[in-house]
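Asker: My structure is stored as model08.cif, with mmCIF, C-alpha atoms.
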data_entry
loop_
_atom_site.label_atom_id
_atom_site.label_comp_id
_atom_site.auth_asym_id
_atom_site.auth_seq_id
_atom_site.Cartn_x
_atom_site.Cartn_y
_atom_site.Cartn_z
CA MET A 1 0.00 0.00 0.00
CA LYS A 2 1.40 3.40 -0.98
CA THR A 3 1.76 5.87 1.87
CA LEU A 4 1.88 9.64 1.81
CA PRO A 5 4.87 11.64 3.15
CA ARG A 6 2.66 14.07 5.02
CA PRO A 7 4.20 15.98 8.00
CA GLY A 8 3.00 14.75 11.35
CA ARG A 9 1.29 11.74 9.78
CA ARG A 10 1.02 8.62 11.90
CA ARG A 11 1.85 5.17 10.69
CA VAL A 12 -0.57 3.09 8.70
CA ARG A 13 -0.73 -0.49 9.97
CA ARG A 14 -2.94 -3.34 9.05
CA ARG A 15 -3.66 -6.30 11.27
CA LEU A 16 -5.05 -8.45 8.51
CA HIS A 17 -6.23 -12.03 8.51
CA SER A 18 -4.84 -14.11 5.68
CA LEU A 19 -8.18 -13.52 3.91
CA ARG A 20 -7.98 -9.74 3.65
CA THR A 21 -10.96 -7.87 2.36
CA ALA A 22 -11.01 -4.88 0.06
CA ALA A 23 -13.24 -3.05 2.51
CA THR A 24 -10.69 -3.41 5.30
CA ALA A 25 -7.89 -2.16 3.07
CA ALA A 26 -9.96 0.86 2.14
CA LEU A 27 -10.61 1.60 5.80
CA VAL A 28 -6.91 1.59 6.57
CA THR A 29 -6.13 3.83 3.61
CA LEU A 30 -8.83 6.33 4.57
CA GLY A 31 -7.48 6.36 8.13
CA SER A 32 -4.04 7.26 6.84
CA LEU A 33 -5.35 10.11 4.69
CA ALA A 34 -7.15 11.59 7.68
CA ALA A 35 -3.94 12.10 9.68
CA LEU A 36 -3.40 15.67 10.85
CA MET A 37 -0.32 17.44 12.13
CA THR A 38 -0.40 17.49 15.93
CA SER A 39 2.10 19.13 18.26
CA THR A 40 3.50 17.32 21.26
CA ALA A 41 3.17 19.29 24.47
CA PRO A 42 4.42 18.12 27.86
CA ALA A 43 1.84 16.51 30.12
CA HIS A 44 0.72 18.37 33.21
CA ALA A 45 -0.84 16.10 35.81
CA ASP A 46 -3.31 13.79 34.03
CA THR A 47 -3.63 15.04 30.45
CA PRO A 48 -6.63 13.92 28.34
CA ILE A 49 -6.05 13.47 24.59
CA CYS A 50 -8.97 12.95 22.21
CA ASP A 51 -7.50 14.28 18.96
CA GLN A 52 -7.13 11.48 16.44
CA PHE A 53 -3.33 11.66 16.46
CA GLY A 54 -2.87 13.84 19.54
CA SER A 55 0.14 13.29 21.79
CA THR A 56 1.97 14.61 24.81
CA THR A 57 5.21 13.90 26.67
CA ILE A 58 5.66 12.25 30.06
CA GLN A 59 8.70 11.96 32.32
CA GLY A 60 10.44 14.40 30.01
CA ARG A 61 11.47 11.59 27.66
CA TYR A 62 8.53 9.52 26.37
CA VAL A 63 5.59 10.34 24.08
CA VAL A 64 2.03 9.19 24.77
CA GLN A 65 -0.09 9.10 21.60
CA ASN A 66 -3.78 8.50 20.94
CA ASN A 67 -3.04 7.14 17.44
CA ARG A 68 -6.60 6.35 16.29
CA TRP A 69 -6.20 5.40 12.64
CA GLY A 70 -8.64 2.57 11.87
CA THR A 71 -12.01 4.05 12.88
CA SER A 72 -13.94 7.31 12.98
CA ALA A 73 -15.39 6.51 16.42
CA THR A 74 -14.23 8.60 19.37
CA GLN A 75 -11.17 7.49 21.32
CA CYS A 76 -9.48 9.27 24.22
CA VAL A 77 -6.43 8.52 26.33
CA THR A 78 -5.34 10.19 29.54
CA ALA A 79 -1.59 10.53 30.00
CA THR A 80 -0.43 10.02 33.58
CA ALA A 81 2.91 10.68 35.20
CA THR A 82 4.15 7.18 34.35
CA GLY A 83 1.90 5.90 31.52
CA PHE A 84 -1.64 6.32 30.23
CA GLU A 85 -5.21 5.02 30.40
CA LEU A 86 -7.56 4.44 27.48
CA THR A 87 -10.53 6.36 28.89
CA ARG A 88 -12.87 6.17 25.88
CA ALA A 89 -12.84 3.61 23.06
CA ASP A 90 -16.07 3.78 21.11
CA GLY A 91 -17.02 1.49 18.27
CA SER A 92 -15.74 -1.79 16.93
CA VAL A 93 -14.20 -3.26 13.78
CA PRO A 94 -14.23 -6.84 12.40
CA THR A 95 -11.84 -9.13 14.23
CA ASN A 96 -10.50 -10.59 10.97
CA GLY A 97 -9.15 -7.20 9.90
CA ALA A 98 -7.22 -4.25 11.24
CA PRO A 99 -7.61 -2.97 14.82
CA LYS A 100 -9.11 0.42 15.57
CA SER A 101 -5.94 2.08 16.80
CA TYR A 102 -2.70 1.77 18.71
CA PRO A 103 -2.81 4.05 21.79
CA SER A 104 0.73 3.81 23.09
CA VAL A 105 3.80 5.31 24.73
CA PHE A 106 7.15 5.32 22.97
CA ASN A 107 10.85 6.10 22.99
CA GLY A 108 12.22 7.08 19.58
CA CYS A 109 10.64 8.55 16.46
CA HIS A 110 7.18 7.94 15.01
CA TYR A 111 6.15 9.83 11.86
CA THR A 112 8.44 12.84 12.58
CA ASN A 113 7.38 12.88 16.24
CA CYS A 114 10.53 12.10 18.27
CA SER A 115 10.59 11.70 22.03
CA PRO A 116 12.72 14.23 23.95
CA GLY A 117 16.40 13.31 24.30
CA THR A 118 16.07 10.00 22.49
CA SER A 119 19.15 8.36 20.98
CA LEU A 120 17.01 6.56 18.40
CA PRO A 121 17.39 5.82 15.55
CA LYS A 122 20.55 3.85 16.39
CA ARG A 123 22.39 1.16 14.45
CA ILE A 124 21.68 -2.33 15.71
CA ASP A 125 25.35 -3.34 15.80
CA THR A 126 26.21 -0.38 18.05
CA ILE A 127 23.62 -1.20 20.72
CA GLY A 128 24.85 -3.13 23.72
CA SER A 129 21.45 -3.37 25.43
CA ALA A 130 18.04 -1.75 25.28
CA PRO A 131 16.40 -2.46 28.65
CA SER A 132 12.67 -1.82 28.89
CA SER A 133 9.98 -2.42 31.46
CA ILE A 134 6.19 -2.35 31.36
CA SER A 135 3.26 -2.78 33.71
CA TYR A 136 -0.15 -3.29 32.07
CA GLY A 137 -3.68 -2.98 33.45
CA TYR A 138 -6.25 -5.20 31.70
CA VAL A 139 -10.06 -5.14 31.48
CA SER A 140 -12.85 -7.54 30.51
CA GLY A 141 -15.54 -7.03 27.89
CA ALA A 142 -13.18 -5.93 25.13
CA VAL A 143 -11.27 -7.50 22.23
CA TYR A 144 -7.65 -6.35 22.09
CA ASN A 145 -4.01 -7.18 22.38
CA ALA A 146 -1.45 -5.61 24.70
CA SER A 147 1.72 -5.30 22.69
CA TYR A 148 5.13 -3.80 22.17
CA ASP A 149 5.92 -2.48 18.71
CA ILE A 150 9.61 -2.25 17.74
CA TRP A 151 10.48 -0.72 14.38
CA LEU A 152 13.59 -1.46 12.28
CA ASP A 153 14.77 0.13 9.05
CA PRO A 154 17.88 0.06 6.81
CA THR A 155 18.11 3.86 7.24
CA PRO A 156 17.95 6.12 10.32
CA ARG A 157 14.55 7.41 9.26
CA THR A 158 12.38 9.43 11.58
CA ASP A 159 9.22 9.39 9.45
CA GLY A 160 7.04 7.01 7.50
CA VAL A 161 6.73 3.23 7.52
CA ASN A 162 9.80 1.20 8.49
CA ARG A 163 10.92 -1.99 6.74
CA THR A 164 10.40 -4.45 9.62
CA GLU A 165 8.02 -4.43 12.57
CA ILE A 166 8.53 -6.59 15.66
CA MET A 167 5.45 -7.11 17.81
CA ILE A 168 5.46 -8.65 21.29
CA TRP A 169 1.94 -9.70 22.33
CA PHE A 170 1.81 -9.69 26.13
CA ASN A 171 -1.90 -10.48 26.10
CA ARG A 172 -4.52 -11.50 23.52
CA VAL A 173 -8.23 -11.28 24.28
CA GLY A 174 -10.79 -12.40 21.69
CA PRO A 175 -10.66 -14.06 18.22
CA ILE A 176 -7.73 -12.05 16.85
CA GLN A 177 -4.38 -13.08 15.43
CA PRO A 178 -1.14 -11.49 14.26
CA ILE A 179 -0.33 -10.79 10.63
CA GLY A 180 0.75 -13.80 8.58
CA SER A 181 0.87 -17.32 9.91
CA PRO A 182 2.49 -19.23 12.78
CA THR A 183 6.03 -20.40 12.01
CA GLY A 184 7.04 -22.15 15.22
CA THR A 185 8.00 -21.29 18.76
CA ALA A 186 11.01 -19.58 20.34
CA THR A 187 12.46 -18.90 23.77
CA VAL A 188 13.29 -15.21 24.02
CA GLY A 189 14.13 -13.36 27.20
CA GLY A 190 13.70 -16.58 29.16
CA ARG A 191 10.05 -16.95 28.05
CA SER A 192 8.35 -19.16 25.47
CA TRP A 193 6.58 -17.50 22.54
CA GLU A 194 4.53 -18.52 19.53
CA VAL A 195 6.12 -16.91 16.48
CA TRP A 196 4.15 -15.48 13.54
CA THR A 197 5.62 -13.97 10.38
CA GLY A 198 4.04 -12.17 7.45
CA ASN A 199 3.73 -8.91 5.55
CA ASN A 200 0.94 -6.33 5.80
CA GLY A 201 1.52 -4.86 2.35
CA ALA A 202 3.79 -2.11 3.65
CA ASN A 203 6.36 -3.88 5.83
CA ASP A 204 7.46 -7.27 7.13
CA VAL A 205 6.11 -8.27 10.53
CA ILE A 206 7.35 -10.79 13.07
CA SER A 207 5.15 -11.31 16.13
CA PHE A 208 5.92 -13.06 19.40
CA VAL A 209 2.72 -14.15 21.16
CA ALA A 210 2.73 -15.08 24.85
CA PRO A 211 0.83 -18.31 25.66
CA SER A 212 -0.81 -16.57 28.64
CA ALA A 213 -1.18 -12.98 29.79
CA ILE A 214 1.90 -11.15 31.10
CA GLY A 215 1.01 -8.29 33.44
CA SER A 216 4.47 -6.79 33.85
CA TRP A 217 8.00 -7.56 32.71
CA SER A 218 11.51 -6.11 32.53
CA PHE A 219 13.53 -7.35 29.55
CA ASP A 220 16.04 -6.45 26.85
CA VAL A 221 14.49 -5.32 23.59
CA MET A 222 17.66 -6.47 21.80
CA ASP A 223 16.78 -10.11 22.49
CA PHE A 224 13.85 -9.70 20.09
CA VAL A 225 15.84 -7.58 17.63
CA ASP A 226 18.47 -10.34 17.53
CA GLN A 227 15.70 -12.80 16.63
CA ALA A 228 14.65 -10.63 13.69
CA VAL A 229 18.25 -10.45 12.48
CA ALA A 230 18.76 -14.20 12.87
CA ARG A 231 15.62 -14.85 10.78
CA GLY A 232 16.77 -12.55 7.96
CA LEU A 233 14.20 -9.82 8.65
CA ALA A 234 16.86 -7.23 9.48
CA GLN A 235 20.61 -6.72 9.27
CA PRO A 236 23.11 -5.62 11.95
CA SER A 237 23.68 -2.43 9.93
CA TRP A 238 19.98 -1.50 10.17
CA TYR A 239 18.54 0.89 12.74
CA VAL A 240 16.15 0.62 15.66
CA THR A 241 13.90 3.66 15.20
CA SER A 242 11.39 3.32 18.05
CA VAL A 243 10.28 1.18 20.98
CA GLN A 244 6.54 1.45 21.64
CA ALA A 245 4.13 -0.17 24.09
CA GLY A 246 0.34 -0.01 24.18
CA PHE A 247 -2.83 -1.70 22.98
CA GLU A 248 -4.54 -2.63 19.73
CA PRO A 249 -8.30 -2.66 20.42
CA TRP A 250 -10.82 -4.16 18.00
CA GLN A 251 -13.89 -3.81 20.22
CA ASN A 252 -14.29 -1.36 23.11
CA GLY A 253 -11.19 -1.11 25.35
CA ALA A 254 -11.97 1.68 27.82
CA GLY A 255 -10.04 1.17 31.04
CA LEU A 256 -6.96 -0.45 29.52
CA ARG A 257 -3.84 1.01 31.14
CA VAL A 258 -0.10 1.24 30.89
CA ASP A 259 0.72 1.89 34.54
CA SER A 260 4.46 2.30 33.96
CA PHE A 261 6.90 2.22 31.06
CA SER A 262 10.64 2.67 30.67
CA SER A 263 12.98 2.34 27.71
CA ALA A 264 16.69 3.04 27.36
CA VAL A 265 19.37 2.34 24.78
CA HIS A 266 22.93 1.57 25.85
CA THR A 267 25.81 1.70 23.42
CA ALA A 268 28.13 -1.31 22.98
CA GLY A 269 31.92 -1.04 22.87
CA THR A 270 33.18 2.52 23.13
CA GLY A 271 31.26 5.71 22.69
CA PRO A 272 28.48 7.57 24.48
CA GLY A 273 25.50 5.91 26.07
CA ASP A 274 21.88 6.85 25.77
CA PRO A 275 21.29 10.61 26.23
CA GLY A 276 19.14 11.04 29.27
CA GLY A 277 20.02 7.55 30.45
CA PRO A 278 23.38 6.05 31.47
CA GLY A 279 25.07 3.20 29.71
CA THR A 280 28.81 3.90 29.49
CA PRO A 281 30.57 0.60 28.76
CA ALA A 282 32.72 -1.00 31.44
CA THR A 283 36.43 -0.17 31.20
CA ALA A 284 37.46 -3.17 33.30
CA CYS A 285 35.64 -6.07 34.94
CA ARG A 286 36.17 -9.37 36.72
CA VAL A 287 33.86 -12.38 36.72
CA THR A 288 33.81 -15.28 39.13
CA HIS A 289 31.42 -18.21 38.91
CA THR A 290 30.72 -21.16 41.18
CA PRO A 291 29.06 -24.23 39.63
CA SER A 292 27.31 -26.98 41.57
CA VAL A 293 27.05 -30.12 39.43
CA TRP A 294 25.11 -33.38 39.62
CA PRO A 295 24.50 -36.04 36.94
CA GLY A 296 22.76 -34.31 34.04
CA GLY A 297 22.22 -30.97 35.79
CA PHE A 298 23.94 -28.00 37.39
CA THR A 299 23.53 -24.55 38.88
CA THR A 300 25.98 -21.67 38.50
CA ASN A 301 26.25 -18.47 40.52
CA VAL A 302 27.99 -15.65 38.67
CA THR A 303 29.40 -12.47 40.19
CA VAL A 304 30.48 -9.65 37.90
CA ALA A 305 32.62 -6.90 39.43
CA ASN A 306 33.25 -3.43 38.03
CA THR A 307 37.00 -2.88 38.48
CA GLY A 308 36.94 0.38 36.54
CA SER A 309 36.52 3.94 37.80
CA ALA A 310 33.07 4.72 36.34
CA PRO A 311 29.68 3.17 37.15
CA VAL A 312 28.05 0.74 34.74
CA ASP A 313 24.32 1.39 34.32
CA GLY A 314 22.53 -1.34 32.44
CA TRP A 315 24.60 -4.48 31.96
CA ARG A 316 24.70 -7.44 29.63
CA VAL A 317 27.03 -10.31 30.53
CA ALA A 318 27.68 -12.55 27.53
CA PHE A 319 29.23 -16.02 27.58
CA THR A 320 29.08 -19.24 25.57
CA LEU A 321 27.80 -22.46 27.09
CA PRO A 322 29.67 -25.63 26.04
CA ALA A 323 27.90 -27.93 23.59
CA GLY A 324 25.17 -30.03 25.19
CA GLN A 325 24.31 -27.47 27.89
CA ALA A 326 21.04 -25.56 28.16
CA VAL A 327 19.63 -23.06 30.66
CA THR A 328 16.33 -24.07 32.26
CA HIS A 329 15.92 -21.35 34.91
CA ALA A 330 17.62 -18.09 35.95
CA TRP A 331 17.47 -15.61 38.81
CA ASN A 332 18.52 -11.96 39.23
CA ALA A 333 18.88 -11.66 35.44
CA THR A 334 17.14 -12.52 32.18
CA LEU A 335 19.08 -15.08 30.09
CA SER A 336 18.62 -15.61 26.36
CA PRO A 337 18.89 -17.81 24.40
CA ALA A 338 18.92 -21.05 26.39
CA SER A 339 22.06 -22.46 24.76
CA GLY A 340 25.05 -21.42 22.69
CA THR A 341 26.07 -17.78 23.13
CA VAL A 342 23.97 -16.61 26.08
CA THR A 343 23.42 -13.05 27.29
CA ALA A 344 22.41 -12.27 30.88
CA THR A 345 20.63 -8.90 31.21
CA ASN A 346 20.06 -7.01 34.44
CA THR A 347 16.67 -6.70 36.10
CA ALA A 348 15.13 -3.36 36.98
CA SER A 349 16.51 -3.58 40.55
CA ASN A 350 20.18 -4.42 39.86
CA ALA A 351 21.05 -2.39 36.75
CA ARG A 352 23.91 -0.39 38.33
CA ILE A 353 27.38 -1.72 39.11
CA ALA A 354 29.26 0.98 41.02
CA PRO A 355 33.07 1.32 40.70
CA GLY A 356 34.51 -1.37 42.93
CA GLY A 357 31.07 -2.94 43.28
CA SER A 358 29.48 -6.08 41.86
CA GLN A 359 26.20 -7.73 40.95
CA SER A 360 25.35 -11.43 41.00
CA PHE A 361 23.00 -13.67 39.08
CA GLY A 362 22.59 -17.38 38.62
CA PHE A 363 21.05 -20.05 36.49
CA GLN A 364 20.17 -23.72 36.45
CA GLY A 365 20.73 -25.97 33.47
CA THR A 366 21.18 -29.40 32.01
CA TYR A 367 24.18 -30.96 30.28
CA GLU A 368 25.15 -34.00 28.27
CA GLY A 369 28.40 -35.91 28.59
CA THR A 370 31.05 -34.29 30.79
CA PHE A 371 30.28 -30.97 32.47
CA ALA A 372 32.45 -27.98 31.55
CA ALA A 373 32.16 -24.33 32.56
CA PRO A 374 32.30 -21.34 30.19
CA THR A 375 35.69 -19.66 30.17
CA ARG A 376 35.07 -16.24 28.58
CA PHE A 377 32.71 -13.57 29.88
CA THR A 378 32.15 -10.05 28.60
CA LEU A 379 30.44 -7.10 30.29
CA ASN A 380 28.81 -4.73 27.76
CA GLY A 381 31.40 -5.85 25.21
CA THR A 382 34.42 -5.69 27.53
CA VAL A 383 36.24 -8.99 28.15
CA CYS A 384 36.41 -9.68 31.89
CA THR A 385 39.25 -11.29 33.80
CA GLY A 386 38.97 -14.05 36.36
CA ALA A 387 36.56 -16.36 34.54
#
Output the structure of this file as structure tokens.

Answerer:
Amino acid sequence: MKTLPRPGRRRVRRRLHSLRTAATAALVTLGSLAALMTSTAPAHADTPICDQFGSTTIQGRYVVQNNRWGTSATQCVTATATGFELTRADGSVPTNGAPKSYPSVFNGCHYTNCSPGTSLPKRIDTIGSAPSSISYGYVSGAVYNASYDIWLDPTPRTDGVNRTEIMIWFNRVGPIQPIGSPTGTATVGGRSWEVWTGNNGANDVISFVAPSAIGSWSFDVMDFVDQAVARGLAQPSWYVTSVQAGFEPWQNGAGLRVDSFSSAVHTAGTGPGDPGGPGTPATACRVTHTPSVWPGGFTTNVTVANTGSAPVDGWRVAFTLPAGQAVTHAWNATLSPASGTVTATNTASNARIAPGGSQSFGFQGTYEGTFAAPTRFTLNGTVCTGA
């Protein structure tokens, strides 16, 4: 579908069943043509937004947007200090077509609307980690999904439709499905997901659908970006342009909430971290690990120490498990994938490693043959001693 480079225009997205209808396509197109330029003003207390593409800023670094593009029925969101609530969501659309809207909060750039101080777009191969957290509030009597939307493009574009869209469905209520068809399952961020792939006529889409509702979670967006790259839907030289979280309602939806949201981007190797959020790479580190082994299984406690002079905010500890080993459970960190080259990412409560300080995490796993421990650990791209 051809899109129009109109200033302030919001994205056109279609959540289409494999049997798309001409009427649904026309609805989406008409929604795109109705987009109007809307300024982004900072939120003061609870800020109601009823304009079709109205938006405001919260926390001085994220944008809350109404983003009603698939219906002419009234929709309103109220931006809060830490998220938003969908306060009015009139009307409904067929569940085998596109949703009504995508009320959401985001870090990055969306149709020329960029969040304050964002470092996005940023090349995938320069990102060490992109920690994000979300807390959702769900309702009954509506048909919707609760989903992240992560956009990737070969260029650092700040407007228009991107080449690849990653969706993470935290919750699915009603007879709705992602674009395309199911192509298997995957373990990402320590959780199991049903994977769907397809194309909506404007961009490729890969969707990760949770088997049951997730109310809140802290994770690394890059775990899902890495999946897109591994499946040939993006390249390391491409750019992450935005990280968004919200809802796609088909029927009703008033009362749905994002109670809290955070998103940061930390640079790998050398160079500056995320403006407005720390992320300077470690200059020196030391890792110690203590395995406890029994036939066919083991646990390992890992301590990573910052031996440099600057704090590390937001950490990813990477290591490679020997062949035949697989992680089955982890604590104090999110580990992904379960085997091979594994990355442990901090939780919301242990993201900082002060100079001279340390953080610890652990995991349980299985092994085949003779047990062996990994011998090389890196902290945000820096090789650590002591392992």

Asker: To one decimal place in Å, what is the distance between CA of Val229 in chain A and CA of Thr382 in chain A?

Answerer: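 Atom-to-atom, CA of Val229 in chain A and CA of Thr382 in chain A are spaced 22.6 Å apart.
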
Asker: Starting from the shown file, work through the PyMOL selection byres ((chain A and resi 249) around 12) and note down what comes out as a ChimeraX atom specification.

Answerer: /A:15,67-71,75,86,88-95,97-104,138-139,141-147,171-176,246-248,250-256

Asker: Could you tell me, as a ChimeraX atom specification, exactly which residues end up selected when the PyMOL selection byres ((chain A and resi 303-312) around 8) is applied to this structure?

Answerer: /A:278-289,301-302,313-315,351-361

Asker: Return as number ranges by chain the set of residues that the PyMOL selection byres ((chain A and resi 85) around 8) yields on the displayed structure.

Answerer: A: 77-80, 83-84, 86-87, 254-259

Asker: Pick from A:Ala348, A:Cys114, A:Ala333, A:Ala245: nearest to Phe170 in chain A, with all atoms listed in the file counted?

Answerer: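 Counting all atoms listed in the file, the residue closest to Phe170 in chain A is A:Ala245.
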
Asker: Report the closest atom pair, with its distance in Å rounded to one decimal, for each residue of range 140-194 of chain A that has an atom no farther than 8 Å from range 200-220 of chain A; count all atoms listed in the file, sort by chain and then rising residue number, and write it as a Markdown table.

Answerer:
| residue | atom | partner | partner_atom | distance |
| --- | --- | --- | --- | --- |
| A:Val161 | CA | A:Ala202 | CA | 7.2 |
| A:Asn162 | CA | A:Asn203 | CA | 6.7 |
| A:Arg163 | CA | A:Asn203 | CA | 5.0 |
| A:Thr164 | CA | A:Asp204 | CA | 4.8 |
| A:Glu165 | CA | A:Val205 | CA | 4.7 |
| A:Ile166 | CA | A:Ile206 | CA | 5.1 |
| A:Met167 | CA | A:Ser207 | CA | 4.5 |
| A:Ile168 | CA | A:Phe208 | CA | 4.8 |
| A:Trp169 | CA | A:Val209 | CA | 4.7 |
| A:Phe170 | CA | A:Ile214 | CA | 5.2 |
| A:Asn171 | CA | A:Ala213 | CA | 4.5 |
| A:Arg172 | CA | A:Ala213 | CA | 7.3 |
| A:Pro178 | CA | A:Ser207 | CA | 6.6 |
| A:Ile179 | CA | A:Asn200 | CA | 6.7 |
| A:Gly180 | CA | A:Val205 | CA | 7.9 |
| A:Gly189 | CA | A:Phe219 | CA | 6.5 |
| A:Ser192 | CA | A:Ala210 | CA | 7.0 |
| A:Trp193 | CA | A:Ala210 | CA | 5.1 |
| A:Glu194 | CA | A:Val209 | CA | 5.0 |

Asker: When you count only C-alpha atoms, which of these residues is closest to Thr74 in chain A: A:Val293, A:Cys50, A:Val342, A:Ile58?

Answerer: A:Cys50

Asker: Here is a test: counting all atoms listed in the file, which residue of A:Ser135, A:Ser339, A:Gln177, A:Ser242 is nearest to Pro322 in chain A?

Answerer: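 Of A:Ser135, A:Ser339, A:Gln177, A:Ser242, the one nearest Pro322 in chain A is A:Ser339, counting all atoms listed in the file.
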
Asker: Would you compute the distance between CA of Gly137 in chain A and CA of Tyr62 in chain A? Give it in Å to one decimal.

Answerer: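 Calculated distance between CA of Gly137 in chain A and CA of Tyr62 in chain A is 18.9 Å.
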
Asker: Quick check, in Å to one decimal: how far apart do CA of Ser132 in chain A and CA of Ser263 in chain A lie?

Answerer: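 Those two atoms sit 4.3 Å apart.
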
Asker: Place a sphere of radius 8 Å on (3.8, -19.9, 14.3) in the file coordinates and name every protein, DNA or RNA residue with an atom inside or on its surface, counting all atoms listed in the file; give the answer as a list in words.

Answerer: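 I get Ser181, Pro182, Thr183, Gly184, Thr185, Glu194, Val195, Trp196 and Thr197 of chain A for the residues within 8 Å of that point.
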
Asker: Would you mind writing range 181-193 of chain A with N, CA and C atoms, as an mmCIF file, in the frame of the given file?

Answerer:
data_model
loop_
_atom_site.group_PDB
_atom_site.id
_atom_site.type_symbol
_atom_site.label_atom_id
_atom_site.label_comp_id
_atom_site.auth_asym_id
_atom_site.auth_seq_id
_atom_site.Cartn_x
_atom_site.Cartn_y
_atom_site.Cartn_z
ATOM 1 N N SER A 181 1.210 -15.983 9.433
ATOM 2 C CA SER A 181 0.870 -17.320 9.910
ATOM 3 C C SER A 181 1.898 -17.775 10.933
ATOM 4 N N PRO A 182 1.539 -18.736 11.784
ATOM 5 C CA PRO A 182 2.490 -19.230 12.780
ATOM 6 C C PRO A 182 3.630 -20.000 12.127
ATOM 7 N N THR A 183 4.845 -19.754 12.594
ATOM 8 C CA THR A 183 6.030 -20.400 12.010
ATOM 9 C C THR A 183 6.868 -21.125 13.044
ATOM 10 N N GLY A 184 6.296 -21.405 14.214
ATOM 11 C CA GLY A 184 7.040 -22.150 15.220
ATOM 12 C C GLY A 184 6.983 -21.454 16.569
ATOM 13 N N THR A 185 7.879 -21.875 17.430
ATOM 14 C CA THR A 185 8.000 -21.290 18.760
ATOM 15 C C THR A 185 9.450 -20.880 18.993
ATOM 16 N N ALA A 186 9.658 -20.022 20.011
ATOM 17 C CA ALA A 186 11.010 -19.580 20.340
ATOM 18 C C ALA A 186 11.045 -19.219 21.817
ATOM 19 N N THR A 187 12.216 -19.381 22.411
ATOM 20 C CA THR A 187 12.460 -18.900 23.770
ATOM 21 C C THR A 187 13.253 -17.613 23.656
ATOM 22 N N VAL A 188 12.660 -16.525 24.088
ATOM 23 C CA VAL A 188 13.290 -15.210 24.020
ATOM 24 C C VAL A 188 13.121 -14.534 25.368
ATOM 25 N N GLY A 189 14.201 -14.004 25.896
ATOM 26 C CA GLY A 189 14.130 -13.360 27.200
ATOM 27 C C GLY A 189 13.745 -14.298 28.319
ATOM 28 N N GLY A 190 14.040 -15.595 28.146
ATOM 29 C CA GLY A 190 13.700 -16.580 29.160
ATOM 30 C C GLY A 190 12.251 -17.008 29.153
ATOM 31 N N ARG A 191 11.457 -16.574 28.157
ATOM 32 C CA ARG A 191 10.050 -16.950 28.050
ATOM 33 C C ARG A 191 9.791 -17.654 26.726
ATOM 34 N N SER A 192 8.743 -18.469 26.700
ATOM 35 C CA SER A 192 8.350 -19.160 25.470
ATOM 36 C C SER A 192 7.329 -18.318 24.716
ATOM 37 N N TRP A 193 7.454 -18.303 23.382
ATOM 38 C CA TRP A 193 6.580 -17.500 22.540
ATOM 39 C C TRP A 193 6.165 -18.305 21.303
#
